[in-house]
Amino acid sequence: MEFKPSHCPYCGEDLSAVLEEERERLYCEACDRIVWRNASPVSAIIVKKEEKILLVKRGIEPGKGEWSLPAGFLEYEEEPAKAAVRELEEETGLKVGKEDLNLIEALNIERFEGQRLVALVYEAEAEKASENISSGSDADDARYWDIEELKEDEEEVLRSHFLEVIGESS
């Protein structure tokens with residue numbers, strides 16, 4: 001499924017294509033403007049405990065039933081580090097402070113055909129987090145995985161985009 005708009009988000013007219021800056025762009029003739037297709041920002045967080053990484057089992061689509069880093073879309077006007085803190089608490093019940101995060105990677109990844117995400121990946125030590133893990137409203141489970149177990153069991157991990165980053169951060 002490709003996420004490519006066919007109508008102008010400003011006036012509703014059909015979009016056409018123009019060559020702009022040596023790239024084909026969506027264009028609204030009625031508004032005389034380019035309709036930009038930008039990647040959506042998400043924040044993800046790696047919480048490490050010794051040689052283990054915290055993952056959540058997704059309780060909603062996309063990827064329902066698959067394991068993933070705690071992650072989610074930024075709210076309008078939300079800072080990326082605050083989004084990582086919020087998503088961690090929503091999905092696992094764990095709390096960390098924004099000051100306890102280290103930005104380790106920024107990735108441009110494809111979520112679906114035609115939809116790109118800019119993922120800001122943070123890490124935090126488990127010692128900085130509150131103690132009790134409990135799966136949140138959009139997660140069915142949350143637990144620590146051994147890093148070697150992850151590498152051997154990639155099919156269980158949502159769109160293994162983050163596996164390389166997890167391995168680099170260990």
# chains A, B, ... in the order shown; residues from 1 in each chain; ligands from 1

call {"tool": "closest_atom_pairs", "arguments": {"of": "segment 73-148 of chain A", "to": "segment 50-66 of chain A", "cutoff": "9 Å", "atoms": "only C-alpha atoms", "output": "JSON lines"}}
result
{"residue": "A:Glu91", "atom": "CA", "partner": "A:Val56", "partner_atom": "CA", "distance": 7.0}
{"residue": "A:Thr92", "atom": "CA", "partner": "A:Val56", "partner_atom": "CA", "distance": 7.2}
{"residue": "A:Glu125", "atom": "CA", "partner": "A:Glu50", "partner_atom": "CA", "distance": 8.7}
{"residue": "A:Ala126", "atom": "CA", "partner": "A:Glu50", "partner_atom": "CA", "distance": 8.4}
{"residue": "A:Ser135", "atom": "CA", "partner": "A:Val56", "partner_atom": "CA", "distance": 7.4}
{"residue": "A:Gly136", "atom": "CA", "partner": "A:Gly59", "partner_atom": "CA", "distance": 8.9}
{"residue": "A:Ser137", "atom": "CA", "partner": "A:Gly59", "partner_atom": "CA", "distance": 7.8}
{"residue": "A:Asp138", "atom": "CA", "partner": "A:Gly59", "partner_atom": "CA", "distance": 5.0}
{"residue": "A:Ala139", "atom": "CA", "partner": "A:Gly59", "partner_atom": "CA", "distance": 4.3}
{"residue": "A:Asp140", "atom": "CA", "partner": "A:Gly59", "partner_atom": "CA", "distance": 4.8}
{"residue": "A:Asp141", "atom": "CA", "partner": "A:Lys57", "partner_atom": "CA", "distance": 5.0}
{"residue": "A:Ala142", "atom": "CA", "partner": "A:Val56", "partner_atom": "CA", "distance": 4.2}
{"residue": "A:Arg143", "atom": "CA", "partner": "A:Leu54", "partner_atom": "CA", "distance": 5.6}
{"residue": "A:Tyr144", "atom": "CA", "partner": "A:Leu54", "partner_atom": "CA", "distance": 4.2}
{"residue": "A:Trp145", "atom": "CA", "partner": "A:Lys52", "partner_atom": "CA", "distance": 5.1}
{"residue": "A:Asp146", "atom": "CA", "partner": "A:Lys52", "partner_atom": "CA", "distance": 4.3}
{"residue": "A:Ile147", "atom": "CA", "partner": "A:Lys52", "partner_atom": "CA", "distance": 5.6}
{"residue": "A:Glu148", "atom": "CA", "partner": "A:Glu51", "partner_atom": "CA", "distance": 8.7}

call {"tool": "write_last_selection", "arguments": {"atoms": "C-alpha atoms", "output": "CSV table (one decimal), in the first residue's frame"}}
result
chain,number,residue,atom,x,y,z
A,91,GLU,CA,4.0,1.3,26.6
A,92,THR,CA,5.9,-0.1,29.6
A,125,GLU,CA,20.1,2.7,31.3
A,126,ALA,CA,17.6,0.6,33.2
A,135,SER,CA,2.4,-3.3,29.4
A,136,GLY,CA,0.5,-0.2,28.5
A,137,SER,CA,-2.7,0.5,26.5
A,138,ASP,CA,-1.2,-0.2,23.1
A,139,ALA,CA,1.1,-3.1,24.2
A,140,ASP,CA,0.3,-6.7,25.1
A,141,ASP,CA,3.5,-7.4,26.9
A,142,ALA,CA,6.9,-5.8,27.8
A,143,ARG,CA,10.0,-7.6,28.8
A,144,TYR,CA,13.8,-7.6,28.6
A,145,TRP,CA,15.4,-9.7,25.8
A,146,ASP,CA,18.9,-10.9,25.7
A,147,ILE,CA,20.7,-9.3,22.8
A,148,GLU,CA,22.0,-12.6,21.4

call {"tool": "atom_distance", "arguments": {"atom1": "atom CA of Glu24 of chain A", "atom2": "atom CA of Asn108 of chain A"}}
result
19.6 Å

call {"tool": "closest_residue", "arguments": {"among": "A:Leu74, A:Ala129, A:Leu69, A:Val118", "to": "Leu94 of chain A", "atoms": "only C-alpha atoms"}}
result
A:Ala129

call {"tool": "select_by_dssp", "arguments": {"residues": "segment 42-103 of chain A", "states": "strand (DSSP E or B)", "output": "PyMOL selection string"}}
result
chain A and resi 42-49+52-58+67-68+71-73+102-103

call {"tool": "atom_distance", "arguments": {"atom1": "atom CA of Pro41 of chain A", "atom2": "atom CA of Val96 of chain A"}}
result
20.7 Å

call {"tool": "atom_distance", "arguments": {"atom1": "atom CA of Lys4 of chain A", "atom2": "atom CA of Glu22 of chain A"}}
result
19.0 Å

call {"tool": "select_by_dssp", "arguments": {"residues": "segment 17-168 of chain A", "states": "helix (DSSP H, G or I)", "output": "VMD selection string"}}
result
chain A and resid 80 to 92 98 to 100 126 to 128 147 to 152 154 to 156 163 to 168

call {"tool": "residues_around", "arguments": {"residues": "Pro5 of chain A", "least_positions_apart": "4", "cutoff": "10 Å", "atoms": "only C-alpha atoms", "output": "CSV table (one decimal) with N, CA and C atoms, in the first residue's frame"}}
result
chain,number,residue,atom,x,y,z
A,9,PRO,N,-4.1,18.8,-0.3
A,9,PRO,CA,-4.6,18.9,1.1
A,9,PRO,C,-5.2,20.3,1.4
A,14,ASP,N,-7.3,17.7,-7.9
A,14,ASP,CA,-6.4,16.6,-8.3
A,14,ASP,C,-4.9,17.1,-8.4
A,15,LEU,N,-4.0,16.3,-8.0
A,15,LEU,CA,-2.6,16.6,-8.1
A,15,LEU,C,-2.0,16.1,-9.4
A,26,LEU,N,4.8,16.2,-6.3
A,26,LEU,CA,3.4,16.4,-6.5
A,26,LEU,C,3.1,17.9,-6.6
A,35,VAL,N,3.2,20.0,-3.3
A,35,VAL,CA,2.7,19.3,-2.1
A,35,VAL,C,3.8,18.4,-1.7
A,36,TRP,N,4.5,18.7,-0.6
A,36,TRP,CA,5.6,18.0,-0.2
A,36,TRP,C,5.3,16.7,0.5
A,37,ARG,N,6.0,15.7,0.3
A,37,ARG,CA,5.9,14.4,0.9
A,37,ARG,C,7.0,14.3,1.9

call {"tool": "residues_around", "arguments": {"residues": "Ala44 of chain A", "least_positions_apart": "5", "cutoff": "10 Å", "atoms": "only C-alpha atoms", "output": "PyMOL selection string"}}
result
chain A and resi 68-73+80-81+83-85+87-88+103+105-106+119-123+162

call {"tool": "closest_residue", "arguments": {"among": "A:Ile45, A:Lys82, A:Arg23, A:Tyr76", "to": "Ile104 of chain A", "atoms": "only C-alpha atoms"}}
result
A:Ile45

call {"tool": "closest_residue", "arguments": {"among": "A:Arg116, A:Ser6, A:Glu131, A:Glu13", "to": "Arg25 of chain A", "atoms": "only C-alpha atoms"}}
result
A:Ser6

call {"tool": "closest_residue", "arguments": {"among": "A:Leu101, A:Lys48, A:Glu90, A:Glu21", "to": "Ser134 of chain A", "atoms": "only C-alpha atoms"}}
result
A:Glu90

call {"tool": "closest_residue", "arguments": {"among": "A:Asp100, A:Glu149, A:Tyr10, A:Asn132", "to": "Ile46 of chain A", "atoms": "only C-alpha atoms"}}
result
A:Asp100
